[in-house]
>>> print(open('data.cif').read())   # mmCIF, C-alpha atoms
data_my_file
#
loop_
_atom_site.label_atom_id
_atom_site.label_comp_id
_atom_site.auth_asym_id
_atom_site.auth_seq_id
_atom_site.Cartn_x
_atom_site.Cartn_y
_atom_site.Cartn_z
CA MET J 1 105.70 98.31 156.80
CA SER J 2 104.75 96.56 153.57
CA SER J 3 106.51 97.44 150.31
CA LEU J 4 105.12 99.95 147.82
CA TYR J 5 104.36 97.08 145.43
CA GLU J 6 102.31 95.26 148.09
CA ARG J 7 100.52 98.43 149.15
CA LEU J 8 99.52 99.09 145.53
CA GLY J 9 98.12 95.57 145.18
CA GLY J 10 100.90 93.66 143.43
CA GLU J 11 100.58 92.11 139.99
CA LYS J 12 96.80 92.59 139.93
CA ALA J 13 97.27 96.33 140.29
CA VAL J 14 99.83 96.37 137.49
CA ASP J 15 97.39 94.47 135.27
CA ALA J 16 94.65 96.97 136.03
CA ALA J 17 96.94 99.91 135.34
CA VAL J 18 98.74 98.81 132.21
CA ASP J 19 95.88 99.15 129.68
CA LEU J 20 94.71 102.43 131.17
CA PHE J 21 98.26 103.76 131.10
CA TYR J 22 99.01 102.57 127.56
CA ARG J 23 95.74 104.06 126.23
CA THR J 24 96.51 107.38 127.91
CA VAL J 25 99.97 107.47 126.38
CA LEU J 26 98.71 106.53 122.89
CA ALA J 27 96.12 109.28 123.01
CA ASP J 28 98.62 111.89 124.24
CA GLY J 29 99.38 114.11 121.25
CA ARG J 30 102.70 115.21 122.76
CA ILE J 31 104.20 111.72 122.52
CA ALA J 32 101.93 109.63 120.29
CA ARG J 33 104.29 109.86 117.31
CA PHE J 34 106.96 107.87 119.15
CA PHE J 35 104.59 104.91 119.31
CA GLU J 36 103.76 104.78 115.60
CA GLY J 37 104.45 101.48 113.90
CA VAL J 38 105.38 99.56 117.06
CA ASN J 39 104.08 96.09 117.74
CA MET J 40 101.32 96.77 120.27
CA GLU J 41 101.46 93.41 122.07
CA ASN J 42 105.21 93.78 122.60
CA GLN J 43 104.76 97.38 123.64
CA ARG J 44 102.07 96.46 126.18
CA ALA J 45 104.34 93.75 127.61
CA LYS J 46 107.15 96.29 127.92
CA GLN J 47 104.85 98.80 129.57
CA LYS J 48 103.90 96.11 132.05
CA ALA J 49 107.55 95.43 132.84
CA PHE J 50 108.11 99.18 133.27
CA LEU J 51 105.09 99.57 135.57
CA THR J 52 106.18 96.58 137.65
CA MET J 53 109.51 98.33 138.16
CA ALA J 54 107.87 101.70 138.89
CA PHE J 55 105.55 100.01 141.41
CA GLY J 56 108.62 98.71 143.21
CA GLY J 57 107.83 95.14 142.17
CA PRO J 58 110.20 92.27 141.36
CA ASN J 59 112.31 93.17 138.34
CA LYS J 60 115.73 92.73 136.87
CA TYR J 61 116.11 96.26 135.59
CA THR J 62 119.58 97.04 134.34
CA GLY J 63 119.09 100.13 132.21
CA LYS J 64 120.81 98.50 129.24
CA ASP J 65 117.56 97.48 127.52
CA MET J 66 115.94 100.81 128.33
CA ARG J 67 118.84 102.58 126.61
CA LYS J 68 118.76 100.33 123.58
CA ALA J 69 114.97 100.56 123.24
CA HIS J 70 115.01 104.36 123.17
CA GLU J 71 118.17 104.95 121.15
CA LYS J 72 116.34 105.50 117.86
CA LEU J 73 113.69 107.67 119.52
CA VAL J 74 116.34 109.97 120.98
CA ALA J 75 117.70 110.36 117.46
CA LYS J 76 114.14 111.31 116.44
CA GLY J 77 114.04 114.05 119.04
CA LEU J 78 112.94 112.38 122.29
CA ASN J 79 113.82 114.72 125.16
CA ASP J 80 113.00 115.68 128.76
CA SER J 81 109.64 117.18 127.81
CA HIS J 82 108.48 113.80 126.50
CA VAL J 83 109.62 111.99 129.65
CA ASP J 84 107.70 114.61 131.64
CA ALA J 85 104.59 113.87 129.56
CA VAL J 86 104.87 110.12 130.22
CA LEU J 87 105.31 110.71 133.96
CA GLU J 88 102.29 113.00 133.94
CA ASP J 89 100.24 110.33 132.15
CA LEU J 90 101.41 107.75 134.69
CA SER J 91 100.37 109.92 137.63
CA ARG J 92 97.00 110.63 136.02
CA THR J 93 96.45 106.90 135.47
CA LEU J 94 97.18 106.12 139.10
CA ARG J 95 94.86 108.87 140.36
CA GLN J 96 92.11 107.51 138.10
CA LEU J 97 92.61 104.16 139.80
CA GLY J 98 92.22 105.79 143.20
CA VAL J 99 95.82 105.43 144.32
CA ASP J 100 96.74 107.69 147.27
CA GLU J 101 98.77 110.79 146.48
CA LYS J 102 101.69 109.59 148.61
CA GLU J 103 101.97 106.39 146.55
CA VAL J 104 101.51 108.31 143.29
CA GLN J 105 104.56 110.39 144.21
CA GLU J 106 106.57 107.30 145.14
CA VAL J 107 105.78 105.63 141.79
CA ALA J 108 106.56 108.83 139.89
CA ALA J 109 109.93 109.07 141.63
CA LEU J 110 110.80 105.45 140.76
CA ALA J 111 109.71 105.99 137.17
CA ASP J 112 111.73 109.20 136.97
CA SER J 113 114.83 107.33 138.13
CA VAL J 114 115.18 105.80 134.63
CA ARG J 115 115.11 109.18 132.86
CA ASN J 116 118.82 109.23 132.03
CA ASP J 117 118.70 105.67 130.68
CA VAL J 118 115.69 106.52 128.49
CA LEU J 119 117.39 109.63 127.13
CA ASN J 120 120.70 107.80 126.66
CA ARG J 121 122.87 110.19 128.63
CA MET T 1 116.85 61.31 128.32
CA THR T 2 117.24 64.73 126.72
CA LEU T 3 115.07 67.31 128.44
CA LEU T 4 115.70 70.14 125.98
CA THR T 5 116.20 70.09 122.23
CA TYR T 6 116.72 73.31 120.26
CA ARG T 7 116.01 72.82 116.55
CA ALA T 8 117.83 69.48 116.20
CA ALA T 9 120.49 69.95 118.90
CA ALA T 10 120.30 68.57 122.43
CA ILE T 11 120.90 71.34 124.98
CA GLU T 12 122.26 70.70 128.44
CA ILE T 13 119.91 71.99 131.12
CA GLU T 14 120.44 71.80 134.89
CA PRO T 15 117.66 70.71 137.24
CA GLY T 16 115.59 73.80 138.06
CA GLU T 17 117.24 75.85 135.33
CA ASP T 18 115.12 77.91 132.92
CA VAL T 19 115.27 77.35 129.16
CA LEU T 20 116.62 80.83 128.38
CA SER T 21 119.60 80.39 130.71
CA ALA T 22 120.32 76.99 129.18
CA LEU T 23 120.17 78.43 125.64
CA LEU T 24 122.47 81.32 126.53
CA ARG T 25 124.89 78.95 128.28
CA ALA T 26 124.98 76.91 125.06
CA GLU T 27 125.93 80.15 123.29
CA ILE T 28 122.66 80.41 121.39
CA ASP T 29 121.91 84.08 120.81
CA ALA T 30 118.33 83.94 122.10
CA PRO T 31 116.58 87.34 122.33
CA HIS T 32 115.63 88.34 125.89
CA SER T 33 115.12 91.35 128.09
CA CYS T 34 113.23 91.31 131.43
CA ARG T 35 114.03 87.71 132.43
CA SER T 36 110.90 87.75 134.60
CA GLY T 37 108.27 86.39 132.19
CA VAL T 38 106.82 89.79 131.42
CA CYS T 39 108.30 91.43 128.32
CA GLN T 40 107.84 88.40 125.98
CA SER T 41 111.11 89.08 124.12
CA CYS T 42 112.27 85.48 124.69
CA MET T 43 109.19 83.78 123.21
CA HIS T 44 109.85 80.37 121.69
CA ARG T 45 107.58 77.60 120.43
CA ALA T 46 107.52 73.97 121.49
CA VAL T 47 107.13 71.78 118.39
CA ASP T 48 107.23 68.65 120.54
CA GLY T 49 106.24 68.35 124.20
CA LYS T 50 104.10 70.60 126.35
CA PRO T 51 105.56 73.66 128.11
CA PRO T 52 104.60 74.12 131.79
CA ALA T 53 101.61 76.45 132.36
CA ALA T 54 103.79 78.92 134.26
CA ALA T 55 105.80 79.49 131.08
CA GLN T 56 102.67 80.50 129.13
CA GLN T 57 101.20 83.09 131.48
CA GLY T 58 100.29 86.32 129.75
CA LEU T 59 100.08 84.72 126.29
CA CYS T 60 96.81 84.57 124.38
CA ASP T 61 94.95 81.27 124.10
CA ALA T 62 95.86 80.86 120.44
CA GLN T 63 99.54 81.12 121.32
CA LYS T 64 99.15 78.70 124.22
CA GLY T 65 97.40 76.16 122.02
CA LEU T 66 100.18 76.37 119.43
CA GLY T 67 102.89 75.73 122.02
CA TYR T 68 104.35 79.23 122.40
CA PHE T 69 106.02 79.93 125.75
CA LEU T 70 108.44 82.30 127.49
CA ALA T 71 111.88 80.74 127.79
CA CYS T 72 112.99 82.83 130.76
CA VAL T 73 110.35 81.36 133.08
CA CYS T 74 110.20 77.89 131.54
CA VAL T 75 111.63 75.18 133.77
CA PRO T 76 110.73 72.00 131.89
CA ASP T 77 109.92 68.79 133.72
CA THR T 78 109.12 66.79 130.57
CA PRO T 79 111.09 66.76 127.29
CA LEU T 80 110.65 69.76 125.00
CA THR T 81 111.77 70.37 121.43
CA ILE T 82 111.74 74.09 120.71
CA VAL T 83 112.31 76.59 117.92
CA PRO T 84 112.44 80.42 117.90
CA ALA T 85 108.95 81.95 117.86
CA GLN T 86 109.04 83.04 114.24
CA GLU T 87 110.47 79.90 112.72
CA ALA T 88 108.37 77.64 110.54
CA GLU T 89 108.47 73.97 111.33
CA SER T 90 109.80 72.33 108.20
CA ARG T 91 109.44 72.06 104.48
CA SER T 92 107.11 69.62 102.85
CA GLY T 93 105.57 69.12 99.46
CA ALA T 94 102.21 69.75 97.84
CA VAL T 95 100.55 69.13 94.49
CA VAL T 96 98.24 71.61 92.75
CA HIS T 97 94.65 70.31 93.03
CA SER T 98 93.01 73.19 91.17
CA ILE T 99 93.52 76.82 90.27
CA ASP T 100 90.60 79.16 89.53
CA ARG T 101 89.99 82.86 89.02
CA LEU T 102 87.79 84.39 91.72
CA SER T 103 88.03 87.87 90.23
CA GLY T 104 90.18 89.78 87.73
CA GLU T 105 93.17 89.73 90.06
CA VAL T 106 92.46 87.02 92.65
CA VAL T 107 93.01 83.31 92.09
CA ARG T 108 92.04 80.44 94.33
CA LEU T 109 94.81 77.88 94.59
CA ARG T 110 94.03 74.50 96.13
CA LEU T 111 96.91 72.23 97.06
CA GLU T 112 96.97 68.62 98.16
CA HIS T 113 99.59 68.62 100.88
CA ASP T 114 101.80 65.73 101.91
CA ALA T 115 100.93 63.88 105.11
CA GLY T 116 102.33 65.58 108.17
CA PHE T 117 101.42 69.16 107.28
CA ALA T 118 99.11 70.07 110.18
CA TYR T 119 97.54 73.54 110.28
CA ARG T 120 94.65 75.56 111.69
CA PRO T 121 92.46 77.71 109.41
CA GLY T 122 93.76 81.30 109.44
CA GLN T 123 97.42 80.36 109.74
CA PHE T 124 99.73 80.98 106.80
CA LEU T 125 102.29 79.02 104.87
CA GLU T 126 105.18 79.78 102.58
CA LEU T 127 104.80 78.68 98.99
CA ILE T 128 108.19 77.93 97.45
CA THR T 129 109.09 77.31 93.81
CA ASP T 130 111.87 75.01 92.60
CA ASP T 131 114.01 78.15 92.12
CA GLY T 132 113.64 78.99 95.80
CA LEU T 133 111.24 81.90 95.28
CA GLY T 134 108.99 82.06 98.34
CA ARG T 135 105.86 83.99 99.31
CA HIS T 136 103.53 83.74 102.29
CA TYR T 137 99.82 83.08 101.86
CA SER T 138 97.02 82.63 104.39
CA ILE T 139 94.94 79.48 104.59
CA ALA T 140 91.19 79.64 103.93
CA SER T 141 90.44 75.91 104.17
CA VAL T 142 89.49 73.73 107.13
CA PRO T 143 91.50 70.51 107.56
CA GLU T 144 88.53 68.59 109.00
CA GLU T 145 86.41 69.31 105.90
CA ASP T 146 88.70 69.95 102.95
CA PRO T 147 91.05 67.44 101.33
CA PHE T 148 93.23 70.39 100.23
CA VAL T 149 94.79 73.63 101.49
CA GLU T 150 93.08 76.66 99.97
CA LEU T 151 94.90 79.95 99.34
CA HIS T 152 93.58 83.19 97.83
CA ILE T 153 96.30 84.87 95.85
CA ARG T 154 96.22 88.35 94.45
CA LEU T 155 98.16 88.56 91.22
CA HIS T 156 100.39 91.60 91.00
CA PRO T 157 101.26 92.73 87.50
CA GLY T 158 105.01 92.21 87.13
CA GLY T 159 105.32 90.17 90.34
CA ARG T 160 107.61 87.15 89.95
CA MET T 161 105.45 84.77 91.96
CA SER T 162 102.32 86.16 90.31
CA ARG T 163 103.74 85.45 86.88
CA PHE T 164 104.73 81.95 87.92
CA ILE T 165 101.26 81.25 89.28
CA ALA T 166 99.41 82.72 86.31
CA GLU T 167 101.59 81.20 83.60
CA GLU T 168 103.05 77.97 84.93
CA LEU T 169 100.84 76.52 87.63
CA ALA T 170 98.42 73.82 86.57
CA PRO T 171 96.79 70.85 88.31
CA GLY T 172 99.33 68.14 89.07
CA ARG T 173 102.28 70.52 89.39
CA ARG T 174 104.44 69.88 92.46
CA LEU T 175 105.50 72.69 94.81
CA HIS T 176 107.24 73.10 98.15
CA ILE T 177 105.52 74.51 101.21
CA ALA T 178 106.88 75.52 104.62
CA GLY T 179 105.00 76.26 107.78
CA PRO T 180 102.41 76.76 109.01
CA LEU T 181 102.85 79.86 111.14
CA GLY T 182 100.56 82.47 112.65
CA THR T 183 98.13 82.77 115.53
CA CYS T 184 95.13 84.25 113.72
CA ILE T 185 93.02 81.19 114.55
CA TYR T 186 89.75 80.30 116.32
CA GLU T 187 91.44 78.52 119.26
CA GLY T 188 90.64 80.20 122.55
CA VAL T 189 87.42 81.92 121.45
CA ASP T 190 84.44 81.26 123.72
CA PRO T 191 81.45 79.80 121.79
CA GLU T 192 79.18 82.54 123.21
CA GLN T 193 81.60 85.38 122.55
CA PRO T 194 80.91 88.03 119.90
CA MET T 195 83.37 87.69 117.02
CA THR T 196 84.28 90.46 114.60
CA LEU T 197 86.37 89.73 111.53
CA ILE T 198 87.71 92.64 109.50
CA GLY T 199 89.80 92.34 106.37
CA SER T 200 90.59 93.88 103.03
CA GLY T 201 91.54 92.29 99.72
CA THR T 202 92.81 88.74 100.12
CA GLY T 203 92.88 89.37 103.87
CA LEU T 204 89.53 87.66 103.45
CA ALA T 205 91.24 84.26 103.09
CA PRO T 206 92.26 83.72 106.75
CA LEU T 207 88.96 85.24 107.88
CA VAL T 208 86.98 82.75 105.81
CA GLY T 209 89.08 79.97 107.32
CA VAL T 210 88.39 81.18 110.85
CA LEU T 211 84.71 81.77 110.07
CA ARG T 212 84.20 78.27 108.70
CA ASP T 213 86.08 76.82 111.67
CA ALA T 214 83.84 78.77 114.08
CA LEU T 215 80.61 77.68 112.36
CA ARG T 216 81.78 74.08 112.17
CA ARG T 217 82.42 74.07 115.91
CA GLY T 218 78.96 75.49 116.60
CA HIS T 219 79.90 79.05 117.59
CA ARG T 220 76.77 80.64 119.08
CA GLY T 221 77.80 84.28 119.66
CA PRO T 222 77.18 86.90 116.96
CA ILE T 223 79.74 86.93 114.13
CA ARG T 224 80.29 89.98 111.97
CA LEU T 225 82.48 89.78 108.89
CA TYR T 226 83.61 93.04 107.29
CA HIS T 227 85.30 92.82 103.91
CA GLY T 228 86.74 95.81 102.11
CA ALA T 229 87.82 96.14 98.49
CA ARG T 230 88.86 98.96 96.21
CA GLU T 231 86.50 97.95 93.40
CA ARG T 232 83.23 96.02 93.52
CA GLU T 233 84.89 93.10 91.75
CA GLY T 234 87.24 92.79 94.74
CA LEU T 235 84.37 91.44 96.86
CA TYR T 236 85.31 88.12 95.38
CA LEU T 237 83.21 85.93 97.66
CA HIS T 238 80.20 88.24 97.87
CA ASP T 239 77.52 85.80 96.71
CA HIS T 240 78.95 82.88 98.64
CA LEU T 241 79.05 84.89 101.88
CA GLU T 242 75.56 86.32 101.32
CA ALA T 243 74.29 82.77 100.96
CA LEU T 244 76.11 81.75 104.13
CA THR T 245 74.31 84.43 106.14
CA GLU T 246 71.00 82.86 105.00
CA ARG T 247 71.98 79.61 106.67
CA HIS T 248 73.43 81.08 109.90
CA ALA T 249 71.26 83.52 111.85
CA ASN T 250 74.20 84.71 114.00
CA LEU T 251 76.32 85.69 110.97
CA SER T 252 76.29 89.05 109.26
CA TYR T 253 78.38 90.12 106.29
CA VAL T 254 79.29 93.76 105.74
CA PRO T 255 81.01 94.46 102.40
CA ARG T 256 82.52 97.86 101.65
CA VAL T 257 83.82 99.14 98.33
CA LEU T 258 86.16 102.11 98.46
CA SER T 259 85.38 103.42 94.96
CA ASP T 260 81.60 103.10 95.38
CA SER T 261 79.27 105.80 96.68
CA GLY T 262 76.25 103.52 97.19
CA PRO T 263 75.10 101.93 100.45
CA GLN T 264 77.99 99.44 100.33
CA GLY T 265 80.49 102.16 99.46
CA GLY T 266 83.24 103.50 101.68
CA ASP T 267 86.13 102.49 103.84
CA VAL T 268 85.87 99.15 105.62
CA ALA T 269 87.83 100.29 108.69
CA ALA T 270 85.60 103.33 109.16
CA ALA T 271 82.48 101.15 108.83
CA ALA T 272 83.74 98.68 111.41
CA LEU T 273 84.89 101.35 113.87
CA ALA T 274 81.55 103.11 113.62
CA HIS T 275 79.49 100.01 114.29
CA GLU T 276 81.47 97.94 116.76
CA ASP T 277 80.52 98.00 120.42
CA ALA T 278 80.81 95.52 123.32
CA LEU T 279 84.51 95.93 122.65
CA PRO T 280 86.09 94.42 125.77
CA HIS T 281 84.21 91.14 125.21
CA THR T 282 84.66 90.79 121.47
CA ALA T 283 87.21 88.54 119.78
CA PHE T 284 88.68 90.48 116.85
CA PHE T 285 90.38 89.07 113.77
CA LEU T 286 92.14 91.69 111.66
CA CYS T 287 93.74 90.84 108.31
CA GLY T 288 95.08 93.00 105.54
CA GLY T 289 97.75 95.57 104.80
CA GLU T 290 99.95 97.10 107.46
CA LYS T 291 98.10 100.42 107.45
CA LEU T 292 94.67 98.88 107.89
CA VAL T 293 95.65 96.42 110.61
CA GLY T 294 97.69 99.03 112.48
CA ARG T 295 94.88 101.56 112.39
CA LEU T 296 92.21 99.07 113.48
CA LYS T 297 94.32 97.70 116.30
CA ARG T 298 95.10 101.12 117.67
CA GLU T 299 91.58 102.52 117.34
CA LEU T 300 89.86 99.43 118.72
CA TYR T 301 92.27 99.31 121.66
CA LEU T 302 91.72 103.00 122.43
CA LYS T 303 87.96 102.33 122.37
CA GLY T 304 88.36 99.61 124.98
CA ALA T 305 89.04 96.37 123.12
CA SER T 306 91.50 93.98 124.71
CA LEU T 307 94.80 93.33 122.90
CA LYS T 308 94.68 89.71 124.04
CA GLN T 309 91.37 89.32 122.22
CA MET T 310 92.78 90.74 119.00
CA ARG T 311 94.27 88.34 116.53
CA SER T 312 95.80 89.81 113.46
CA ASP T 313 97.72 89.02 110.36
CA THR T 314 99.51 91.75 108.47
CA PHE T 315 100.15 91.26 104.77
CA LEU T 316 103.50 92.70 103.85
CA PRO T 317 104.57 93.65 100.33
CA ALA T 318 106.26 90.95 98.24
CA GLY T 319 109.77 90.10 99.27
CA GLY T 320 109.01 90.74 102.91
CA GLY T 321 105.97 88.54 103.18
CA ARG T 322 102.57 87.99 101.70
#
>>> encode(input="data.cif", output="structure tokens")
Amino acid sequence: MSSLYERLGGEKAVDAAVDLFYRTVLADGRIARFFEGVNMENQRAKQKAFLTMAFGGPNKYTGKDMRKAHEKLVAKGLNDSHVDAVLEDLSRTLRQLGVDEKEVQEVAALADSVRNDVLNR
Amino acid sequence: MTLLTYRAAAIEIEPGEDVLSALLRAEIDAPHSCRSGVCQSCMHRAVDGKPPAAAQQGLCDAQKGLGYFLACVCVPDTPLTIVPAQEAESRSGAVVHSIDRLSGEVVRLRLEHDAGFAYRPGQFLELITDDGLGRHYSIASVPEEDPFVELHIRLHPGGRMSRFIAEELAPGRRLHIAGPLGTCIYEGVDPEQPMTLIGSGTGLAPLVGVLRDALRRGHRGPIRLYHGAREREGLYLHDHLEALTERHANLSYVPRVLSDSGPQGGDVAAAALAHEDALPHTAFFLCGGEKLVGRLKRELYLKGASLKQMRSDTFLPAGGGR
């Protein structure tokens, strides 16, 4: 059985997903305010690293950077509802790309596994 | 032979070791995060030597051409001298060639720089007085054609640098410059590619540099230059640019004046966003205040433009930048 990352199509699939995902998130009124004033190139690169992790790809995720990156946003009110919105946007992106429901659920579960790091708890 | 030099210090690096690990081992506090060549936190620039291609994946062509690379995936096989990504190379000197008013508040400053100051049009430099006062300005000249560096400087009433420029600068006066920095340059644009340049105020300076560079190199794709100003007088190169469109069939110039209600009136960002199409294939150059550049970047990206094809330069208020 090949890995989730291989089944999704590896780095090429991440590349195809990252712009679609980032645009969806930016246009999502529930969470758009948390992205105001960020450097978009850096943000896209970070989204790519996040998607690689969520796709089960090679990563060196430790949670430390995720915590640090979201510290200020938590102070601004980032909570579970916003994480839910991002996960919803991620699932929608994958469905738009024609990813099978089983894989969509697997990615969503991996992405959800960082929830406590994102919310600094 | 030293394989890795950081600023002026030789850094010990093991065979097969990446640059980031070597820097951290030498107790240099280099920023980093993913350590997989993805997040770009550990970007550095090679000022001597060529980084391996694998260390430049994911960067835009302008960055590649200027020697930027990702330290965490850079295993050098030839000697490299590197600096942090946002560090200007070194200080040099320049002499005022001429200083002219282009409008009520914009002056054109031309400087003859010392040998060794190499730049691309659209980059910026730091102008430094003897007292150590420094401000960043973008470069409108083309090194292959101009025997000087040209800057367009908006004079702010009460600004320290503005007062110095208006009252004390005259031809022959010596100044310090540092740099250049910035990736808002023509490098990496395909000659057939549509190019759209959008700027406000003296954000026109780097755009003029890039435009002249593109024309000089025989760019064949359509080029659209949008320039916004608050008052009509702020279109400080209007006649020159109009004349340039007469000579180049692929160039169009779209001026917009915020305070005007005529056909050239209105907001430059709105005009550009309403007219731009073919977004994924267009190379964008965005220069001006933080609000304008941020808005354009976001809106163009949402409409389908590629971030890698967007070069930008944000002018920050005095003290923090340009």
>>> resolve_selection(input="data.cif", expression="the PyMOL selection byres ((chain J and resi 79-88) around 8)", output="list in words")
Val25, Arg30, Ile31, Val74, Gly77, Leu78, Asp89, Leu90, Ser91, Arg92, Ala108, Ala111, Asp112, Arg115 and Leu119 of chain J
>>> interface_residues(input="data.cif", of="chain T", to="chain J", cutoff="7 Å", atoms="all atoms listed in the file", output="VMD selection string")
chain T and resid 33 to 36 38 to 40 302 307
>>> residues_around(input="data.cif", residues="T:Leu241", least_positions_apart="4", cutoff="8 Å", atoms="all atoms listed in the file", output="list in words")
Leu237, Thr245 and Tyr253 of chain T
>>> resolve_selection(input="data.cif", expression="the PyMOL selection byres ((chain T and resi 279-293) around 7)", output="PDB file with C-alpha atoms, in the frame of the given file")
ATOM      1  CA  CYS T 184      95.130  84.250 113.720  1.00  0.00           C
ATOM      2  CA  VAL T 189      87.420  81.920 121.450  1.00  0.00           C
ATOM      3  CA  GLN T 193      81.600  85.380 122.550  1.00  0.00           C
ATOM      4  CA  PRO T 194      80.910  88.030 119.900  1.00  0.00           C
ATOM      5  CA  MET T 195      83.370  87.690 117.020  1.00  0.00           C
ATOM      6  CA  THR T 196      84.280  90.460 114.600  1.00  0.00           C
ATOM      7  CA  LEU T 197      86.370  89.730 111.530  1.00  0.00           C
ATOM      8  CA  ILE T 198      87.710  92.640 109.500  1.00  0.00           C
ATOM      9  CA  GLY T 199      89.800  92.340 106.370  1.00  0.00           C
ATOM     10  CA  SER T 200      90.590  93.880 103.030  1.00  0.00           C
ATOM     11  CA  GLY T 201      91.540  92.290  99.720  1.00  0.00           C
ATOM     12  CA  GLY T 203      92.880  89.370 103.870  1.00  0.00           C
ATOM     13  CA  GLU T 276      81.470  97.940 116.760  1.00  0.00           C
ATOM     14  CA  ASP T 277      80.520  98.000 120.420  1.00  0.00           C
ATOM     15  CA  ALA T 278      80.810  95.520 123.320  1.00  0.00           C
ATOM     16  CA  GLY T 294      97.690  99.030 112.480  1.00  0.00           C
ATOM     17  CA  ARG T 295      94.880 101.560 112.390  1.00  0.00           C
ATOM     18  CA  LEU T 296      92.210  99.070 113.480  1.00  0.00           C
ATOM     19  CA  LYS T 297      94.320  97.700 116.300  1.00  0.00           C
ATOM     20  CA  GLY T 304      88.360  99.610 124.980  1.00  0.00           C
ATOM     21  CA  ALA T 305      89.040  96.370 123.120  1.00  0.00           C
ATOM     22  CA  SER T 306      91.500  93.980 124.710  1.00  0.00           C
ATOM     23  CA  GLN T 309      91.370  89.320 122.220  1.00  0.00           C
ATOM     24  CA  MET T 310      92.780  90.740 119.000  1.00  0.00           C
ATOM     25  CA  ARG T 311      94.270  88.340 116.530  1.00  0.00           C
ATOM     26  CA  SER T 312      95.800  89.810 113.460  1.00  0.00           C
ATOM     27  CA  ASP T 313      97.720  89.020 110.360  1.00  0.00           C
ATOM     28  CA  THR T 314      99.510  91.750 108.470  1.00  0.00           C
ATOM     29  CA  PHE T 315     100.150  91.260 104.770  1.00  0.00           C
ATOM     30  CA  LEU T 316     103.500  92.700 103.850  1.00  0.00           C
TER      31      LEU T 316
END
>>> closest_residue(input="data.cif", among="T:Arg174, T:Arg108, T:Leu273, T:His238", to="T:Tyr301", atoms="only C-alpha atoms")
T:Leu273
>>> resolve_selection(input="data.cif", expression="the PyMOL selection byres ((chain T and resi 175) around 9)", output="MDAnalysis selection string")
chainID T and resid 92:96 111 127:130 173:174 176:177
>>> atom_distance(input="data.cif", atom1="atom CA of T:Arg110", atom2="atom CA of T:Ala46")
28.7 Å
>>> residues_around(input="data.cif", residues="J:Glu71", least_positions_apart="4", cutoff="8 Å", atoms="only C-alpha atoms", output="NGL selection string")
:J and (67 or 75 or 118-120)
>>> atom_distance(input="data.cif", atom1="atom CA of T:Gly209", atom2="atom CA of T:Gly122")
5.3 Å
>>> closest_residue(input="data.cif", among="T:Pro317, T:Pro76, T:Pro180, T:Gly49", to="T:Val149", atoms="all atoms listed in the file")
T:Pro180
>>> residues_around(input="data.cif", residues="T:Arg101", least_positions_apart="6", cutoff="10 Å", atoms="only C-alpha atoms", output="VMD selection string")
chain T and resid 107 to 109 152 to 154 166 236
>>> residues_around(input="data.cif", residues="T:Val75", least_positions_apart="2", cutoff="12 Å", atoms="all atoms listed in the file", output="list of chain:residue names")
T:Leu3, T:Leu4, T:Ile13, T:Glu14, T:Pro15, T:Gly16, T:Glu17, T:Asp18, T:Val19, T:Leu20, T:Ser21, T:Ala22, T:Gly37, T:Lys50, T:Pro51, T:Pro52, T:Ala53, T:Ala54, T:Ala55, T:Gln56, T:Phe69, T:Leu70, T:Ala71, T:Cys72, T:Val73, T:Asp77, T:Thr78, T:Pro79, T:Leu80
